[in-house]
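What follows is structure.txt (compact mmCIF, C-alpha atoms and all ligand atoms).
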# COMPACT_ATOMS: atom_id res chain seq x y z
CA MET A 1 101.58 -5.29 52.01
CA ALA A 2 102.98 -8.56 50.66
CA GLU A 3 101.60 -9.53 47.29
CA LYS A 4 100.80 -13.06 46.14
CA LYS A 5 103.06 -14.17 43.28
CA GLU A 6 103.40 -17.62 41.74
CA LEU A 7 102.06 -20.80 43.29
CA LEU A 8 105.06 -22.61 44.78
CA TYR A 9 103.31 -25.70 46.05
CA GLU A 10 99.84 -27.10 46.39
CA GLY A 11 99.49 -29.53 49.26
CA LYS A 12 96.55 -31.44 50.62
CA ALA A 13 95.36 -28.65 52.92
CA LYS A 14 97.08 -25.49 51.74
CA LYS A 15 98.44 -23.64 48.74
CA VAL A 16 101.78 -21.91 49.22
CA TYR A 17 102.51 -18.78 47.16
CA ALA A 18 105.71 -16.83 46.62
CA THR A 19 105.81 -13.10 47.41
CA ASP A 20 108.09 -10.34 46.18
CA ASP A 21 110.26 -11.09 49.22
CA PRO A 22 112.16 -14.41 48.80
CA ASN A 23 112.10 -14.94 52.57
CA LEU A 24 108.32 -14.75 52.87
CA CYS A 25 105.47 -16.81 51.48
CA ILE A 26 101.70 -16.79 51.69
CA PHE A 27 99.58 -19.73 52.82
CA GLU A 28 96.08 -20.11 51.43
CA TYR A 29 94.13 -22.68 53.41
CA LYS A 30 91.79 -24.94 51.45
CA ASP A 31 88.56 -26.56 52.66
CA ASP A 32 89.90 -30.02 51.77
CA ALA A 33 90.74 -32.80 54.14
CA THR A 34 92.61 -36.00 53.40
CA ALA A 35 93.46 -39.02 55.49
CA PHE A 36 95.39 -42.27 55.17
CA ASN A 37 98.10 -40.68 53.05
CA GLY A 38 95.64 -38.96 50.72
CA ILE A 39 93.44 -42.00 49.97
CA LYS A 40 90.36 -40.69 51.80
CA LYS A 41 89.16 -37.28 50.68
CA GLY A 42 86.58 -34.87 52.07
CA SER A 43 85.93 -31.23 52.87
CA PHE A 44 83.51 -28.81 54.45
CA GLU A 45 82.86 -25.21 53.61
CA GLY A 46 84.77 -22.86 55.87
CA LYS A 47 87.34 -25.42 57.08
CA GLY A 48 90.21 -23.43 55.58
CA GLU A 49 89.06 -20.25 57.30
CA ILE A 50 88.76 -21.95 60.67
CA ASN A 51 92.14 -23.68 60.44
CA ASN A 52 93.92 -20.55 59.26
CA GLN A 53 92.51 -18.41 62.05
CA MET A 54 92.90 -21.09 64.68
CA ALA A 55 96.52 -21.88 63.72
CA ASN A 56 97.40 -18.17 63.79
CA PHE A 57 95.66 -17.65 67.09
CA ILE A 58 97.55 -20.58 68.63
CA PHE A 59 100.88 -19.50 67.11
CA ARG A 60 100.40 -16.04 68.66
CA LEU A 61 99.77 -17.61 72.08
CA LEU A 62 102.87 -19.81 71.66
CA GLU A 63 104.96 -16.77 70.72
CA LYS A 64 103.81 -15.05 73.91
CA LYS A 65 105.22 -18.05 75.77
CA GLY A 66 108.58 -17.62 74.04
CA ILE A 67 108.26 -20.21 71.25
CA LYS A 68 109.57 -18.94 67.91
CA THR A 69 107.30 -19.52 64.92
CA HIS A 70 107.17 -18.68 61.21
CA MET A 71 104.14 -16.45 61.74
CA VAL A 72 104.22 -12.93 60.28
CA GLU A 73 100.71 -11.65 59.65
CA GLU A 74 97.18 -12.89 59.02
CA LEU A 75 96.19 -11.38 55.66
CA SER A 76 92.59 -12.58 55.45
CA LYS A 77 90.38 -15.29 56.91
CA ARG A 78 92.09 -17.83 54.67
CA GLU A 79 95.52 -16.32 54.02
CA THR A 80 98.61 -15.79 56.13
CA LEU A 81 102.02 -14.35 55.49
CA VAL A 82 104.76 -16.55 56.96
CA LYS A 83 108.53 -16.67 56.95
CA LYS A 84 109.59 -19.07 54.24
CA VAL A 85 111.60 -21.83 55.90
CA ASP A 86 113.43 -24.93 54.76
CA ILE A 87 111.17 -27.55 56.21
CA ILE A 88 113.06 -30.32 58.00
CA PRO A 89 111.34 -33.40 56.54
CA LEU A 90 110.20 -34.82 59.87
CA GLU A 91 106.70 -35.10 61.26
CA VAL A 92 107.33 -34.43 64.90
CA ILE A 93 104.67 -36.15 67.00
CA VAL A 94 104.11 -35.66 70.72
CA ARG A 95 101.66 -37.84 72.63
CA ASN A 96 100.16 -37.52 76.12
CA ILE A 97 97.57 -40.29 75.82
CA ALA A 98 97.69 -43.42 73.65
CA ALA A 99 95.66 -43.21 70.42
CA GLY A 100 95.83 -43.77 66.67
CA SER A 101 98.94 -45.41 65.27
CA PHE A 102 100.57 -45.72 68.72
CA SER A 103 97.67 -47.78 70.05
CA LYS A 104 97.64 -49.93 66.95
CA ARG A 105 101.39 -50.46 66.72
CA TYR A 106 101.99 -51.29 70.38
CA GLY A 107 98.60 -52.79 71.32
CA VAL A 108 97.78 -50.12 73.92
CA GLU A 109 94.13 -49.24 74.49
CA GLU A 110 93.14 -45.80 73.18
CA GLY A 111 92.78 -43.38 76.06
CA THR A 112 95.59 -44.82 78.20
CA PRO A 113 97.48 -41.82 79.62
CA PHE A 114 101.29 -41.83 79.68
CA LYS A 115 103.29 -41.00 82.82
CA GLU A 116 105.34 -38.64 80.67
CA PRO A 117 104.74 -37.24 77.20
CA THR A 118 106.42 -39.19 74.43
CA LEU A 119 108.00 -38.05 71.17
CA GLU A 120 108.43 -39.72 67.80
CA PHE A 121 109.49 -38.77 64.30
CA SER A 122 108.13 -39.83 60.93
CA TYR A 123 110.12 -39.23 57.79
CA LYS A 124 108.00 -36.74 55.81
CA ASN A 125 107.83 -38.50 52.48
CA ASP A 126 104.45 -39.17 50.86
CA GLU A 127 105.84 -41.76 48.44
CA LEU A 128 107.14 -43.85 51.33
CA GLY A 129 103.99 -43.25 53.41
CA ASP A 130 105.74 -41.16 56.10
CA PRO A 131 107.53 -44.08 57.83
CA LEU A 132 108.41 -43.95 61.53
CA ILE A 133 112.13 -43.26 62.01
CA ASN A 134 114.44 -42.87 64.99
CA ASP A 135 117.10 -40.21 65.73
CA TYR A 136 119.90 -42.35 64.30
CA HIS A 137 118.01 -42.87 61.05
CA ALA A 138 117.48 -39.11 60.81
CA LEU A 139 121.24 -38.63 61.28
CA ALA A 140 122.03 -41.35 58.70
CA LEU A 141 119.67 -39.77 56.20
CA GLY A 142 121.32 -36.39 56.78
CA ILE A 143 117.96 -34.84 57.71
CA ALA A 144 119.24 -33.25 60.92
CA THR A 145 122.29 -33.06 63.14
CA ARG A 146 122.39 -34.25 66.76
CA GLU A 147 122.09 -30.65 67.87
CA ASP A 148 119.10 -30.07 65.57
CA ILE A 149 117.37 -33.12 67.03
CA LYS A 150 117.86 -31.76 70.56
CA THR A 151 116.49 -28.38 69.47
CA ILE A 152 113.50 -30.02 67.78
CA ALA A 153 112.72 -32.12 70.86
CA ASN A 154 112.88 -29.00 73.06
CA ILE A 155 110.51 -27.14 70.73
CA ALA A 156 108.13 -30.12 70.63
CA PHE A 157 107.90 -30.50 74.43
CA SER A 158 107.59 -26.71 74.94
CA VAL A 159 104.75 -26.64 72.42
CA ASN A 160 103.15 -29.57 74.26
CA ASP A 161 103.28 -27.78 77.64
CA ALA A 162 101.83 -24.62 76.14
CA LEU A 163 99.12 -26.37 74.10
CA LYS A 164 98.03 -28.57 77.01
CA GLU A 165 97.35 -25.43 79.03
CA ILE A 166 95.63 -23.59 76.16
CA PHE A 167 93.27 -26.51 75.58
CA LYS A 168 92.74 -27.29 79.28
CA ASN A 169 91.37 -23.76 79.68
CA ILE A 170 88.64 -24.58 77.16
CA GLY A 171 87.74 -28.01 78.56
CA ILE A 172 89.80 -30.07 76.11
CA LYS A 173 92.40 -32.81 76.64
CA LEU A 174 95.37 -32.71 74.29
CA VAL A 175 95.86 -36.37 73.33
CA ASP A 176 98.57 -35.95 70.69
CA PHE A 177 99.69 -33.65 67.88
CA LYS A 178 102.08 -33.25 64.96
CA ILE A 179 104.28 -30.26 64.25
CA GLU A 180 106.71 -29.37 61.51
CA VAL A 181 109.78 -27.22 61.97
CA GLY A 182 112.02 -25.47 59.50
CA ARG A 183 115.11 -23.33 59.17
CA THR A 184 114.75 -19.61 58.56
CA ALA A 185 117.06 -17.64 56.26
CA GLU A 186 119.03 -16.76 59.43
CA GLY A 187 119.49 -20.48 60.17
CA GLU A 188 117.21 -20.64 63.18
CA ILE A 189 114.89 -23.64 63.64
CA VAL A 190 111.33 -22.42 64.20
CA LEU A 191 107.84 -23.88 64.43
CA ALA A 192 106.19 -23.90 60.96
CA ASP A 193 103.17 -25.32 59.11
CA GLU A 194 99.96 -25.31 61.20
CA ILE A 195 98.42 -26.41 64.48
CA SER A 196 94.70 -27.13 64.16
CA PRO A 197 92.18 -29.96 64.67
CA ASP A 198 93.72 -31.44 61.49
CA THR A 199 97.01 -31.95 63.29
CA CYS A 200 95.96 -32.58 66.91
CA ARG A 201 93.80 -35.11 68.71
CA LEU A 202 91.51 -33.14 71.00
CA TRP A 203 89.04 -34.82 73.35
CA ASP A 204 86.35 -33.11 75.38
CA ALA A 205 87.61 -33.20 78.99
CA GLU A 206 84.26 -34.43 80.35
CA THR A 207 82.85 -36.70 77.67
CA ASN A 208 85.97 -37.68 75.67
CA LYS A 209 84.09 -36.69 72.51
CA LYS A 210 86.52 -36.39 69.60
CA LEU A 211 86.85 -32.73 68.59
CA ASP A 212 89.31 -33.24 65.70
CA LYS A 213 90.01 -34.85 62.35
CA ASP A 214 89.19 -38.32 63.70
CA GLN A 215 85.56 -37.25 63.07
CA PHE A 216 86.49 -37.40 59.37
CA ARG A 217 88.97 -40.31 59.48
CA ARG A 218 86.48 -42.52 61.34
CA ASP A 219 83.23 -41.20 59.78
CA LEU A 220 81.83 -40.12 63.14
CA GLY A 221 79.42 -37.66 61.52
CA GLU A 222 80.27 -34.31 63.12
CA PHE A 223 83.36 -33.24 61.17
CA ALA A 224 82.37 -29.61 60.55
CA GLU A 225 80.55 -29.21 63.86
CA VAL A 226 83.54 -30.05 66.04
CA TYR A 227 85.91 -27.66 64.21
CA HIS A 228 83.36 -24.88 64.77
CA GLU A 229 83.05 -25.98 68.39
CA VAL A 230 86.80 -25.78 69.13
CA TRP A 231 87.10 -22.41 67.40
CA ALA A 232 84.09 -21.06 69.31
CA ARG A 233 85.50 -22.25 72.65
CA LEU A 234 88.86 -20.57 71.92
CA ASN A 235 87.12 -17.33 71.01
CA ASP A 236 84.84 -17.42 74.05
CA TYR A 237 87.71 -17.99 76.44
CA TYR A 238 90.49 -15.85 75.03
CA LYS A 239 88.69 -12.99 73.36
CA LYS A 240 86.47 -11.94 76.26
P1 LIG B 1 100.98 -31.49 52.62
O1 LIG B 1 102.26 -31.11 51.93
O2 LIG B 1 101.22 -32.50 53.71
O3 LIG B 1 99.89 -31.88 51.71
P2 LIG B 1 99.85 -28.81 53.18
O4 LIG B 1 98.74 -28.87 52.22
O5 LIG B 1 99.55 -28.26 54.54
O6 LIG B 1 100.53 -30.21 53.49
O7 LIG B 1 101.00 -27.98 52.48
C1 LIG B 1 101.78 -27.03 53.11
C2 LIG B 1 103.23 -27.30 52.76
O8 LIG B 1 104.02 -26.17 53.15
C3 LIG B 1 103.81 -28.50 53.49
O9 LIG B 1 104.62 -29.23 52.59
C4 LIG B 1 104.66 -27.89 54.59
O10 LIG B 1 105.76 -28.71 54.95
C5 LIG B 1 105.12 -26.60 53.94
N1 LIG B 1 105.40 -25.50 54.88
C6 LIG B 1 104.87 -25.27 56.09
N2 LIG B 1 105.32 -24.13 56.64
C7 LIG B 1 106.19 -23.61 55.75
C8 LIG B 1 107.00 -22.43 55.72
N3 LIG B 1 106.99 -21.56 56.72
N4 LIG B 1 107.81 -22.23 54.64
C9 LIG B 1 107.80 -23.11 53.60
N5 LIG B 1 107.05 -24.22 53.55
C10 LIG B 1 106.25 -24.48 54.62
N1 LIG B 2 99.23 -36.30 62.27
C1 LIG B 2 99.20 -35.29 61.34
N2 LIG B 2 99.64 -35.56 60.06
C2 LIG B 2 100.10 -36.78 59.70
C3 LIG B 2 100.14 -37.80 60.68
C4 LIG B 2 99.69 -37.53 61.94
O1 LIG B 2 98.81 -34.17 61.62
O2 LIG B 2 100.49 -36.95 58.53
C5 LIG B 2 98.76 -36.04 63.64
C6 LIG B 2 97.42 -36.70 63.94
O3 LIG B 2 96.35 -35.82 63.67
C7 LIG B 2 97.51 -37.01 65.41
C8 LIG B 2 99.00 -37.21 65.66
O4 LIG B 2 99.67 -36.61 64.56
O5 LIG B 2 97.09 -35.88 66.17
C9 LIG B 2 99.41 -38.66 65.78
O6 LIG B 2 98.91 -39.36 64.66
P1 LIG B 2 99.08 -40.95 64.52
O7 LIG B 2 100.52 -41.29 64.41
O8 LIG B 2 98.32 -41.63 65.59
O9 LIG B 2 98.52 -41.25 63.11
P2 LIG B 2 97.13 -41.61 62.49
O10 LIG B 2 96.23 -42.14 63.53
O11 LIG B 2 96.70 -40.32 61.89
O12 LIG B 2 97.54 -42.65 61.49
The structure given in the file should be rewritten as structure tokens.
Amino acid sequence: MAEKKELLYEGKAKKVYATDDPNLCIFEYKDDATAFNGIKKGSFEGKGEINNQMANFIFRLLEKKGIKTHMVEELSKRETLVKKVDIIPLEVIVRNIAAGSFSKRYGVEEGTPFKEPTLEFSYKNDELGDPLINDYHALALGIATREDIKTIANIAFSVNDALKEIFKNIGIKLVDFKIEVGRTAEGEIVLADEISPDTCRLWDAETNKKLDKDQFRRDLGEFAEVYHEVWARLNDYYKK
């Protein structure tokens, strides 16, 4: 079994450790949450365990649908062995319904559905506050080639189709989400990082209740409860 070696990186939500294999690393999910580029801080006990297990569960379902991911093996409730990839420094955001920064930037009421899903990129750079960028900027910055951008867009929309269905089955609307992708040692672009209520907007299909990190961002009072709720619904539906 892969052994944890030195800490490579400590982020806002996870620690990333080296292993004895240079092509593999271990994630350790923390209970911390941050918002607004790290300015707002919070946590609840067990968040790391839920996000780790939920992200792995979702990645497994995506793999079954033919989407390649970095996932190797869940090591414990909080730890996962993944393929170490070179992260392409883009936050890849897909939206089905207007919310968050889209609503603010373009003056569109939250909850307005789009005829077709939309895609945007932010340049993953904390110092610059993850600014919105377009394909041409990504090319100019040398972040990705034209072909990479096509591949990334295909991955993003495939993940959207798969996730919409996964969440629909448990009475949840997928409003929007962020993914990260990276290059494996073999040069293939795969889905990396995590998919969890930290990285998605999830609304109850009947009541529109927010079942995601907006509970924390907007101080809605049920941060821990809704993460438990989504995890319980996934377990009830898929593990019967
Ligand atoms: P942040 O860096 O935004 O605070 P995290 O706390 O989630 O985020 O840290 C995890 C870090 O690991 C992120 O920088 C992410 O881009 C990176 N990462 C995600 N998946 C992989 C992977 N498979 N290989 C290497 N790095 C990864
Ligand atoms: N998102 C994320 N990490 C980020 C920025 C956004 O996971 O650093 C997710 C966020 O949870 C939401 C989607 O991407 O599901 C779109 O976020 P938006 O651009 O509306 O930003 P926010 O409202 O968080 O400023």
Rounded to one decimal, what separation in Å do you get between CA of Lys41 (chain A) and CA of Val159 (chain A)? 28.8 Å
May I ask which of the residues A:Leu62, A:Val175, A:Ile26, A:Ala35 is the closest one to Lys12 (chain A), counting all atoms listed in the file?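 The shortest atom-to-atom distance to Lys12 (chain A) comes from A:Ala35.
Inspection of the environment of ligand LIG 1 (chain B), which uses only C-alpha atoms and all ligand atoms and a cut-off of 6 Å, identifies the neighbouring residues as Gly11, Lys12, Ala13, Lys14, His70, Val82, Lys83, Lys84, Val85, Ile87, Ala192 and Asp193 of chain A.
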Which residues of region 56-149 of chain A have any atom within 9 Å of an atom in region 195-200 of chain A when counting all atoms listed in the file, and what is the closest pair of atoms for each, with the distance in Å to one decimal? Order the rows by chain and rising number and write it as a Markdown table.
| residue | atom | partner | partner_atom | distance |
| --- | --- | --- | --- | --- |
| A:Asn56 | CA | A:Ile195 | CA | 8.3 |
| A:Ile58 | CA | A:Ile195 | CA | 7.2 |
| A:Phe59 | CA | A:Ile195 | CA | 7.8 |
Give the answer as one residue: which of A:Asn37, A:Asn208, A:Asn235, A:Thr145 has the shortest atom-to-atom distance to ligand LIG 2 (chain B), using all atoms listed in the file? A:Asn37
Using all atoms listed in the file, what does the table of chain A residues within 6 Å of ligand LIG 2 (chain B) look like, with each row giving the shortest atom pair and its distance in Å to one decimal, sorted by chain and ascending number, as a tab-separated table?
residue	atom	partner	partner_atom	distance
A:Ile93	CA	B:LIG2	O4	5.6
A:Ala99	CA	B:LIG2	O8	5.7
A:Gly100	CA	B:LIG2	O8	3.5
A:Ser101	CA	B:LIG2	O8	3.8
A:Phe102	CA	B:LIG2	O8	5.6
A:Asp176	CA	B:LIG2	O5	4.8
A:Phe177	CA	B:LIG2	O5	3.8
A:Lys178	CA	B:LIG2	O4	4.2
A:Asp198	CA	B:LIG2	O3	5.6
A:Thr199	CA	B:LIG2	O1	3.3
A:Cys200	CA	B:LIG2	O5	3.6
A:Arg201	CA	B:LIG2	O5	4.2
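Proximity to Ala2 (chain A) was assessed for A:Val72, A:Ile97, A:Ile39, A:Met54 counting all atoms listed in the file; the smallest distance is recorded for A:Val72.
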Nearest to Ile143 (chain A) among A:Pro22, A:Pro89, A:Gly38, A:Gly187, with distances taken over only C-alpha atoms: which residue is it?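 Closest to Ile143 (chain A) of all the choices is A:Pro89.
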Nearest candidate to Ala144 (chain A) (options A:Glu110, A:Glu116, A:Asp86, A:Asp126; using all atoms listed in the file): A:Asp86
Nearest to Glu91 (chain A) by atom-to-atom distance, counting only C-alpha atoms, from A:Gly221, A:Gly142, A:Gly46, A:Gly129: A:Gly129
To one decimal place, how far is CA of Phe121 (chain A) from CA of Gly171 (chain A) in Å?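 For CA of Phe121 (chain A) relative to CA of Gly171 (chain A), the distance reads 28.1 Å.
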CA of Ser76 (chain A) and CA of Tyr237 (chain A) are how many Å apart?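 Distance between the two atoms: 22.2 Å.
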Would you list the contacts of Leu234 (chain A) as an MDAnalysis selection string, taking every protein, DNA or RNA residue within 9 Å and counting all atoms listed in the file, but skipping same-chain residues closer than 5 positions in sequence? chainID A and resid 54 57 166:167 169:170 229 239
